[in-house]
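Just below is one structure, and these are the notes that go with it.
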Amino acid sequence: MNGRVIVITSGKGGVGKTTSTANIGTALAKNGARVAMIDTDIGLRNLDLLMGLENRIVYTLVDYIEEKCKLQQALVKDKKIPTLSLLAAAQTSDKTAVTVDQMKDICDKLKEDFDFVLVDSPAGIEGGFQNAIAGASEAIIITTPEMAAVRDADRIIGLLEANENILNYKLILNRVRPKMIQSNDMLSVDDVTDILSVKMLGVIPEDENIIVSTNKGDPIVNMENSRAGLAYNNIARRLLGEEVAIPDFETPPPSFVERIKNIFLTPVKI
Amino acid sequence: MKLLDRKITDKINDMINDLVATCSRVLSTEAKVDEAVSYDSKDDAKNRLKLVLMHDRSQLSPGQMEQMREEMLDVISRYVEIDRDALDLCLEAETNTIALVANIPVLRNKQEQKQEQA
C-alpha cells in the first residue's frame with residue numbers, strides 16, 4: 001500500500017491553505033478515499049478548528065515525536081466520515097520541535113495506511129515549510145489573484161522545483177471574483193497561469209459561505225449548493241483521476257439587451 | 001407566398017435590430033462614461049508582476065541592473081561610440097527561461113573617430 005503524500009502550501013499567509021486542506025481532504029474521503037491530514041503549523045494550529053475537531057484532540061504531532069503516544073492514538077477521526085483522520089499540530093511547542101527526518105518518517109508511515117496524506121504547510125519559506133515538504137512527492141500551491149500572493153507563489157514554485165522529491169505540483173486559484181475579472185479589475189485564471197506557467201488544478205470562486213462553514217467547524221464541501229464546495233469537490237475528483245473541466249470565469253453572461261435580442265432574433269416561422 | 005413571408009420576417013428582424021441598437025445605445029451611455037474614466041487595473045497588476053517576478057527569478061535587484069548597465073556601457077564604449085542614454089537593457093521572460101536583452105545604438109566605430117580626429 002502506497003498512498004500519495006501531497007503538501008499544500010502557498011508562501012503567503014491567509015490565502016486559504018488550511019481551508020483548502022480541510023475541504024480537499026473531506027471531499028477525497030467523501031469520494032471513497034482513505035485520507036490523513038497533517039497540520040504542520042506548529043504553535044499556530046487551525047486545521048482542527050476548520051474540521052470542528054478542536055475538542056477531540058488528545059495527542060499531537062509533537063507528542064508522537066516525543067514518544068508520548070503511538071501514531072494511531074494521535075490520529076483524530078472526523079465526526080462524520082470514518083475514513084478521514086487528522087494529525088494535529090501542537091499549540092504549545094514551536095517549529096523547531098520537529099525535524100525534516102521526523103516529518104519524512106511520519107509521512108512514510110501514514111502512506112502505508114492511507115490513500116492520501118495531505119500536509120498543511122505553514123506560511124513562509126523557512127523551517128516549517130521545509131518540514132512540510134519533507135515527506136511529500138506532490139505539491140498543491142494555493143494562490144489568489146492578488147499581486148502579493150502570486151509573487152509568493154512564484155517563490156514557492158522555485159523552491160519546489162529545486163526539490164528533487166517533489167515530482168509534480170499544481171496550482172489552485174482561490175477567492176476568484178468572476179465579476180471583477182469580467183470588468184478587467186482582477187487577474188484572470190489565464191493571466192495567473194501565464195505568469196506562473198504552472199498547471200491549474202482548480203479555481204475556487206469567492207464565497208461568503210466559507211466564513212459560515214468555518215464558524216460551524218464544518219467544511220464547505222458538506223454544504224449543498226455552495227459554489228466553493230462544488231469547486232473543491234471537483235478538485236478532489238481531478239486528484240482521483242477524473243476529467244472535470246474548470247468552469248469559465250472570463251466570459252460575462254449575456255447582458256439583458258443581448259438576451260432580449262436573442263429571443264427576438266431566433267428564426268421566425270410563419 | 002413563401003417569398004413574401006421571408007420579406008416580412010426580414011423586415012421584422014431589421015426593425016428589432018434597430019430597436020435593440022437604439023435601446024442599447026441609450027442604456028449603455030452611463031457605462032461608457034465609466035469606461036472612459038477608469039482603466040483596466042488588472043493590466044497594471046499583470047505588467048508589474050511580470051517585471052517583479054523577472055527580477056525575483058534572476059535574483060537581480062533594479063540597483064544591480066543599473067550597475068550592470070553602467071559597467072556594460074564602460075566596456076562597450078572602449079570599442080565603439082554609443083549613445084549612453086539610448087541603451088535599453090531589460091529582462092525578457094520566455095516559457096521557462098529568462099533572457100537578458102540589450103539594445104545598444106552604435107553611433108560610430110572608434111577607429112573612424114580616431115581617423116577623423118587625426
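Lettering and numbering for the C-alpha cells are positional, with chains as A, B, ... in the shown order, residues counted from 1 in each chain, and ligands counted from 1 in the shown order.
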
ask   = Which chain A residues are at most 6 Å from chain B (counting only C-alpha atoms), as a PyMOL selection string?
value = chain A and resi 184-187

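Proximity to Lys216 in chain A at 10 Å, evaluated using only C-alpha atoms and with sequence-adjacent residues fewer than 3 positions away removed, yields Leu49, Leu50, Met51, Gly52, Ile210, Ile211, Val212, Ser213, Pro219 and Ile220 of chain A.
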
task = Using only C-alpha atoms, find the one residue out of B:Leu87, B:Leu60, B:Glu92, B:Gln115 that sits nearest to Asp74 in chain B.
result =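 Closest residue, counting only C-alpha atoms: B:Leu87.
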
ask   = as a ChimeraX atom specification, which residues of range 96-184 of chain A does DSSP assign to helix (DSSP H, G or I)?
value = /A:96-97,100-113,127-134,147-162,178-182

Just N, CA and C atoms for this one: save the residues we selected as a short mmCIF file (atom, residue, chain, number, x, y, z; two decimals), in the first residue's frame.
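And here is the file that came out, selection_12.cif:
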```cif
data_model
loop_
_atom_site.label_atom_id
_atom_site.label_comp_id
_atom_site.auth_asym_id
_atom_site.auth_seq_id
_atom_site.Cartn_x
_atom_site.Cartn_y
_atom_site.Cartn_z
N THR A 96 10.73 24.27 15.86
CA THR A 96 11.97 23.51 15.99
C THR A 96 11.74 22.15 16.64
N ALA A 97 10.49 21.91 17.11
CA ALA A 97 10.18 20.64 17.79
C ALA A 97 10.20 19.46 16.83
N VAL A 100 13.21 17.54 9.80
CA VAL A 100 12.88 17.09 8.46
C VAL A 100 12.78 15.55 8.41
N ASP A 101 13.72 14.89 9.06
CA ASP A 101 13.71 13.41 9.05
C ASP A 101 12.50 12.84 9.76
N GLN A 102 12.13 13.48 10.88
CA GLN A 102 10.96 13.00 11.62
C GLN A 102 9.69 13.15 10.79
N MET A 103 9.59 14.28 10.06
CA MET A 103 8.41 14.50 9.21
C MET A 103 8.35 13.45 8.11
N LYS A 104 9.49 13.19 7.52
CA LYS A 104 9.59 12.20 6.45
C LYS A 104 9.11 10.85 6.96
N ASP A 105 9.57 10.50 8.15
CA ASP A 105 9.23 9.23 8.78
C ASP A 105 7.71 9.12 9.00
N ILE A 106 7.10 10.20 9.50
CA ILE A 106 5.66 10.19 9.75
C ILE A 106 4.89 10.00 8.45
N CYS A 107 5.29 10.74 7.41
CA CYS A 107 4.61 10.63 6.11
C CYS A 107 4.74 9.21 5.57
N ASP A 108 5.94 8.63 5.68
CA ASP A 108 6.15 7.27 5.18
C ASP A 108 5.27 6.26 5.90
N LYS A 109 5.13 6.45 7.22
CA LYS A 109 4.28 5.54 8.00
C LYS A 109 2.81 5.69 7.60
N LEU A 110 2.37 6.97 7.46
CA LEU A 110 0.96 7.21 7.17
C LEU A 110 0.57 6.71 5.78
N LYS A 111 1.48 6.83 4.82
CA LYS A 111 1.08 6.44 3.46
C LYS A 111 0.93 4.93 3.30
N GLU A 112 1.33 4.18 4.33
CA GLU A 112 1.07 2.74 4.30
C GLU A 112 -0.41 2.44 4.56
N ASP A 113 -1.06 3.31 5.36
CA ASP A 113 -2.45 3.05 5.75
C ASP A 113 -3.47 3.93 5.03
N GLY A 127 11.91 26.97 8.14
CA GLY A 127 11.88 25.61 8.69
C GLY A 127 10.56 24.88 8.56
N GLY A 128 9.48 25.57 8.94
CA GLY A 128 8.17 24.94 8.91
C GLY A 128 7.80 24.45 7.52
N PHE A 129 8.12 25.26 6.53
CA PHE A 129 7.83 24.88 5.13
C PHE A 129 8.71 23.71 4.72
N GLN A 130 9.99 23.76 5.09
CA GLN A 130 10.91 22.68 4.75
C GLN A 130 10.44 21.35 5.37
N ASN A 131 9.94 21.43 6.62
CA ASN A 131 9.39 20.23 7.27
C ASN A 131 8.18 19.70 6.50
N ALA A 132 7.30 20.64 6.12
CA ALA A 132 6.05 20.23 5.47
C ALA A 132 6.31 19.51 4.16
N ILE A 133 7.31 19.96 3.39
CA ILE A 133 7.54 19.33 2.08
C ILE A 133 8.42 18.08 2.19
N ALA A 134 9.00 17.85 3.40
CA ALA A 134 10.00 16.78 3.54
C ALA A 134 9.52 15.41 3.07
N MET A 147 -1.50 40.44 -6.35
CA MET A 147 -0.09 40.51 -6.72
C MET A 147 0.82 39.84 -5.68
N ALA A 148 0.60 40.16 -4.41
CA ALA A 148 1.49 39.62 -3.38
C ALA A 148 1.42 38.10 -3.32
N ALA A 149 0.21 37.56 -3.46
CA ALA A 149 0.05 36.10 -3.38
C ALA A 149 0.68 35.42 -4.59
N VAL A 150 0.57 36.04 -5.77
CA VAL A 150 1.15 35.45 -6.98
C VAL A 150 2.68 35.48 -6.90
N ARG A 151 3.20 36.60 -6.40
CA ARG A 151 4.66 36.70 -6.28
C ARG A 151 5.19 35.64 -5.33
N ASP A 152 4.52 35.48 -4.18
CA ASP A 152 4.97 34.48 -3.21
C ASP A 152 4.84 33.07 -3.77
N ALA A 153 3.77 32.85 -4.55
CA ALA A 153 3.60 31.53 -5.17
C ALA A 153 4.78 31.24 -6.11
N ASP A 154 5.22 32.25 -6.82
CA ASP A 154 6.35 32.06 -7.75
C ASP A 154 7.62 31.66 -7.00
N ARG A 155 7.79 32.26 -5.84
CA ARG A 155 8.94 31.95 -4.99
C ARG A 155 8.87 30.48 -4.53
N ILE A 156 7.68 30.08 -4.11
CA ILE A 156 7.46 28.69 -3.67
C ILE A 156 7.71 27.72 -4.82
N ILE A 157 7.24 28.08 -6.01
CA ILE A 157 7.43 27.21 -7.18
C ILE A 157 8.92 27.00 -7.43
N GLY A 158 9.70 28.09 -7.28
CA GLY A 158 11.14 27.99 -7.45
C GLY A 158 11.75 27.00 -6.47
N LEU A 159 11.29 27.06 -5.21
CA LEU A 159 11.81 26.16 -4.18
C LEU A 159 11.37 24.71 -4.42
N LEU A 160 10.14 24.55 -4.88
CA LEU A 160 9.65 23.19 -5.14
C LEU A 160 10.39 22.57 -6.32
N GLU A 161 10.68 23.41 -7.31
CA GLU A 161 11.38 22.93 -8.49
C GLU A 161 12.79 22.45 -8.12
N ALA A 162 13.39 23.14 -7.16
CA ALA A 162 14.75 22.79 -6.74
C ALA A 162 14.75 21.53 -5.87
N PRO A 178 -15.57 36.42 -10.24
CA PRO A 178 -15.86 36.48 -11.68
C PRO A 178 -16.22 37.88 -12.17
N LYS A 179 -17.00 38.61 -11.38
CA LYS A 179 -17.41 39.95 -11.84
C LYS A 179 -16.23 40.88 -12.00
N MET A 180 -15.28 40.80 -11.08
CA MET A 180 -14.11 41.67 -11.18
C MET A 180 -13.22 41.26 -12.34
N ILE A 181 -13.17 39.96 -12.64
CA ILE A 181 -12.40 39.51 -13.80
C ILE A 181 -13.06 40.04 -15.07
N GLN A 182 -14.39 39.95 -15.11
CA GLN A 182 -15.11 40.42 -16.29
C GLN A 182 -14.93 41.92 -16.53
#
```

ask   = Which residue out of A:Ile8, A:Ile57, A:Ala22, A:Leu75 has the minimum interatomic distance to Asn222 in chain A when only C-alpha atoms are used?
value = A:Ala22

request  = Step one, run DSSP on the backbone; step two, keep only residues of range 88-262 of chain A assigned to strand (DSSP E or B); then write them as a list in words.
outcome  =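 After running DSSP on the backbone, range 88-262 of chain A has strand (DSSP E or B) at Phe116, Val117, Leu118, Val119, Asp120, Glu138, Ala139, Ile140, Ile141, Ile142, Thr143, Asn168, Tyr169, Lys170, Leu171, Ile172, Leu173, Asn174, Arg175, Val176, Met200, Leu201, Gly202, Val203, Ile204 and Pro205 of chain A.
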
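Distance-wise, CA of Glu258 in chain A and CA of Asp190 in chain A end up 25.6 Å apart.
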
key: Close residues, Ala139 in chain A itself excluded, 6 Å, only C-alpha atoms, min 3 positions apart in chain, as a list in words   = Ile6, Val7, Ile8 and Tyr169 of chain A

Could you write those residues out with C-alpha atoms, as a PDB file, in the first residue's frame?
```
ATOM      1  CA  ILE A   6       0.636  15.910  -1.085  1.00  0.00           C
ATOM      2  CA  VAL A   7       1.824  19.111   0.566  1.00  0.00           C
ATOM      3  CA  ILE A   8      -0.498  22.125   0.431  1.00  0.00           C
ATOM      4  CA  TYR A 169       2.975  20.427  -8.500  1.00  0.00           C
TER       5      TYR A 169
END
```

ask   = Interatomic distance between CA of Met200 in chain A and CA of Ala27 in chain A?
value = 18.1 Å

Counting only C-alpha atoms, what is within 12 Å of Gly229 in chain A, bar same-chain residues fewer than 2 positions away, as an mmCIF file with N, CA and C atoms, in the first residue's frame?
```
data_model
loop_
_atom_site.group_PDB
_atom_site.id
_atom_site.type_symbol
_atom_site.label_atom_id
_atom_site.label_comp_id
_atom_site.auth_asym_id
_atom_site.auth_seq_id
_atom_site.Cartn_x
_atom_site.Cartn_y
_atom_site.Cartn_z
ATOM 1 N N THR A 19 -8.021 26.051 4.778
ATOM 2 C CA THR A 19 -9.367 25.835 4.250
ATOM 3 C C THR A 19 -9.316 24.824 3.104
ATOM 4 N N SER A 20 -8.321 24.955 2.242
ATOM 5 C CA SER A 20 -8.210 24.039 1.106
ATOM 6 C C SER A 20 -7.883 22.627 1.582
ATOM 7 N N ALA A 22 -8.624 21.242 4.472
ATOM 8 C CA ALA A 22 -9.820 20.672 5.103
ATOM 9 C C ALA A 22 -10.818 20.214 4.041
ATOM 10 N N ASN A 23 -11.011 21.041 3.024
ATOM 11 C CA ASN A 23 -12.035 20.728 2.029
ATOM 12 C C ASN A 23 -11.608 19.654 1.041
ATOM 13 N N ILE A 24 -10.356 19.705 0.607
ATOM 14 C CA ILE A 24 -9.890 18.661 -0.319
ATOM 15 C C ILE A 24 -9.870 17.326 0.412
ATOM 16 N N THR A 26 -11.716 16.376 3.003
ATOM 17 C CA THR A 26 -13.087 15.910 3.208
ATOM 18 C C THR A 26 -13.681 15.398 1.895
ATOM 19 N N ALA A 27 -13.443 16.161 0.811
ATOM 20 C CA ALA A 27 -14.015 15.762 -0.483
ATOM 21 C C ALA A 27 -13.424 14.432 -0.961
ATOM 22 N N GLY A 202 -7.399 23.722 -10.010
ATOM 23 C CA GLY A 202 -8.775 24.143 -9.773
ATOM 24 C C GLY A 202 -8.879 25.625 -9.491
ATOM 25 N N VAL A 203 -10.089 26.141 -9.632
ATOM 26 C CA VAL A 203 -10.360 27.555 -9.380
ATOM 27 C C VAL A 203 -11.527 27.631 -8.405
ATOM 28 N N ILE A 204 -11.325 28.355 -7.293
ATOM 29 C CA ILE A 204 -12.370 28.454 -6.272
ATOM 30 C C ILE A 204 -12.939 29.870 -6.286
ATOM 31 N N PRO A 205 -14.230 30.016 -6.570
ATOM 32 C CA PRO A 205 -14.808 31.360 -6.519
ATOM 33 C C PRO A 205 -14.947 31.842 -5.081
ATOM 34 N N GLU A 206 -14.831 33.146 -4.900
ATOM 35 C CA GLU A 206 -15.057 33.752 -3.582
ATOM 36 C C GLU A 206 -16.454 33.373 -3.118
ATOM 37 N N ASP A 207 -16.588 32.971 -1.869
ATOM 38 C CA ASP A 207 -17.880 32.501 -1.394
ATOM 39 C C ASP A 207 -18.023 32.831 0.087
ATOM 40 N N GLU A 208 -19.050 33.613 0.399
ATOM 41 C CA GLU A 208 -19.265 34.012 1.800
ATOM 42 C C GLU A 208 -19.547 32.809 2.697
ATOM 43 N N ASN A 209 -20.041 31.753 2.080
ATOM 44 C CA ASN A 209 -20.365 30.561 2.866
ATOM 45 C C ASN A 209 -19.143 29.944 3.542
ATOM 46 N N ILE A 210 -17.951 30.274 3.033
ATOM 47 C CA ILE A 210 -16.712 29.771 3.643
ATOM 48 C C ILE A 210 -16.658 30.221 5.103
ATOM 49 N N SER A 213 -19.096 28.256 7.114
ATOM 50 C CA SER A 213 -18.650 26.881 7.346
ATOM 51 C C SER A 213 -17.522 26.835 8.380
ATOM 52 N N ASP A 218 -17.426 23.023 9.978
ATOM 53 C CA ASP A 218 -17.886 22.003 9.034
ATOM 54 C C ASP A 218 -17.450 22.425 7.630
ATOM 55 N N PRO A 219 -16.522 21.689 7.007
ATOM 56 C CA PRO A 219 -16.010 22.095 5.691
ATOM 57 C C PRO A 219 -17.116 22.366 4.668
ATOM 58 N N ILE A 220 -16.876 23.307 3.784
ATOM 59 C CA ILE A 220 -17.910 23.763 2.851
ATOM 60 C C ILE A 220 -18.321 22.686 1.845
ATOM 61 N N VAL A 221 -17.491 21.671 1.646
ATOM 62 C CA VAL A 221 -17.903 20.593 0.734
ATOM 63 C C VAL A 221 -19.097 19.814 1.294
ATOM 64 N N ASN A 222 -19.357 19.967 2.609
ATOM 65 C CA ASN A 222 -20.523 19.314 3.203
ATOM 66 C C ASN A 222 -21.793 20.130 3.022
ATOM 67 N N MET A 223 -21.629 21.369 2.527
ATOM 68 C CA MET A 223 -22.777 22.257 2.345
ATOM 69 C C MET A 223 -23.282 22.078 0.915
ATOM 70 N N GLU A 224 -24.571 21.839 0.782
ATOM 71 C CA GLU A 224 -25.105 21.641 -0.570
ATOM 72 C C GLU A 224 -25.245 22.973 -1.292
ATOM 73 N N ASN A 225 -25.102 22.939 -2.611
ATOM 74 C CA ASN A 225 -25.308 24.117 -3.456
ATOM 75 C C ASN A 225 -24.357 25.269 -3.171
ATOM 76 N N SER A 226 -23.164 24.996 -2.653
ATOM 77 C CA SER A 226 -22.234 26.106 -2.493
ATOM 78 C C SER A 226 -21.224 26.059 -3.635
ATOM 79 N N ARG A 227 -20.926 27.254 -4.185
ATOM 80 C CA ARG A 227 -20.028 27.317 -5.345
ATOM 81 C C ARG A 227 -18.630 26.831 -4.980
ATOM 82 N N ALA A 231 -16.507 23.511 -6.232
ATOM 83 C CA ALA A 231 -15.174 23.639 -6.835
ATOM 84 C C ALA A 231 -14.168 22.738 -6.112
ATOM 85 N N TYR A 232 -14.270 22.653 -4.791
ATOM 86 C CA TYR A 232 -13.358 21.775 -4.035
ATOM 87 C C TYR A 232 -13.626 20.304 -4.352
ATOM 88 N N ASN A 233 -14.898 19.985 -4.504
ATOM 89 C CA ASN A 233 -15.235 18.611 -4.849
ATOM 90 C C ASN A 233 -14.671 18.242 -6.231
ATOM 91 N N ASN A 234 -14.734 19.210 -7.158
ATOM 92 C CA ASN A 234 -14.161 18.975 -8.487
ATOM 93 C C ASN A 234 -12.655 18.730 -8.401
ATOM 94 N N ILE A 235 -11.993 19.468 -7.509
ATOM 95 C CA ILE A 235 -10.554 19.291 -7.328
ATOM 96 C C ILE A 235 -10.257 17.872 -6.841
ATOM 97 N N ALA A 236 -11.068 17.413 -5.877
ATOM 98 C CA ALA A 236 -10.869 16.051 -5.357
ATOM 99 C C ALA A 236 -11.038 15.028 -6.472
#
```

key: Selection: 6 Å around Thr144 in chain A, only C-alpha atoms, excl. self and same-chain fewer than 5 positions, as JSON, numbers by chain   = {"A": [149, 173, 174, 175]}

Just-selected residues, C-alpha atoms written as a PDB file, in the first residue's frame:
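Below is the file that was written, part34.pdb:
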```pdb
ATOM      1  CA  ALA A 149       0.046  36.104  -3.385  1.00  0.00           C
ATOM      2  CA  LEU A 173      -6.506  29.826  -7.680  1.00  0.00           C
ATOM      3  CA  ASN A 174      -8.597  30.755  -4.673  1.00  0.00           C
ATOM      4  CA  ARG A 175     -11.045  33.584  -3.961  1.00  0.00           C
TER       5      ARG A 175
END
```
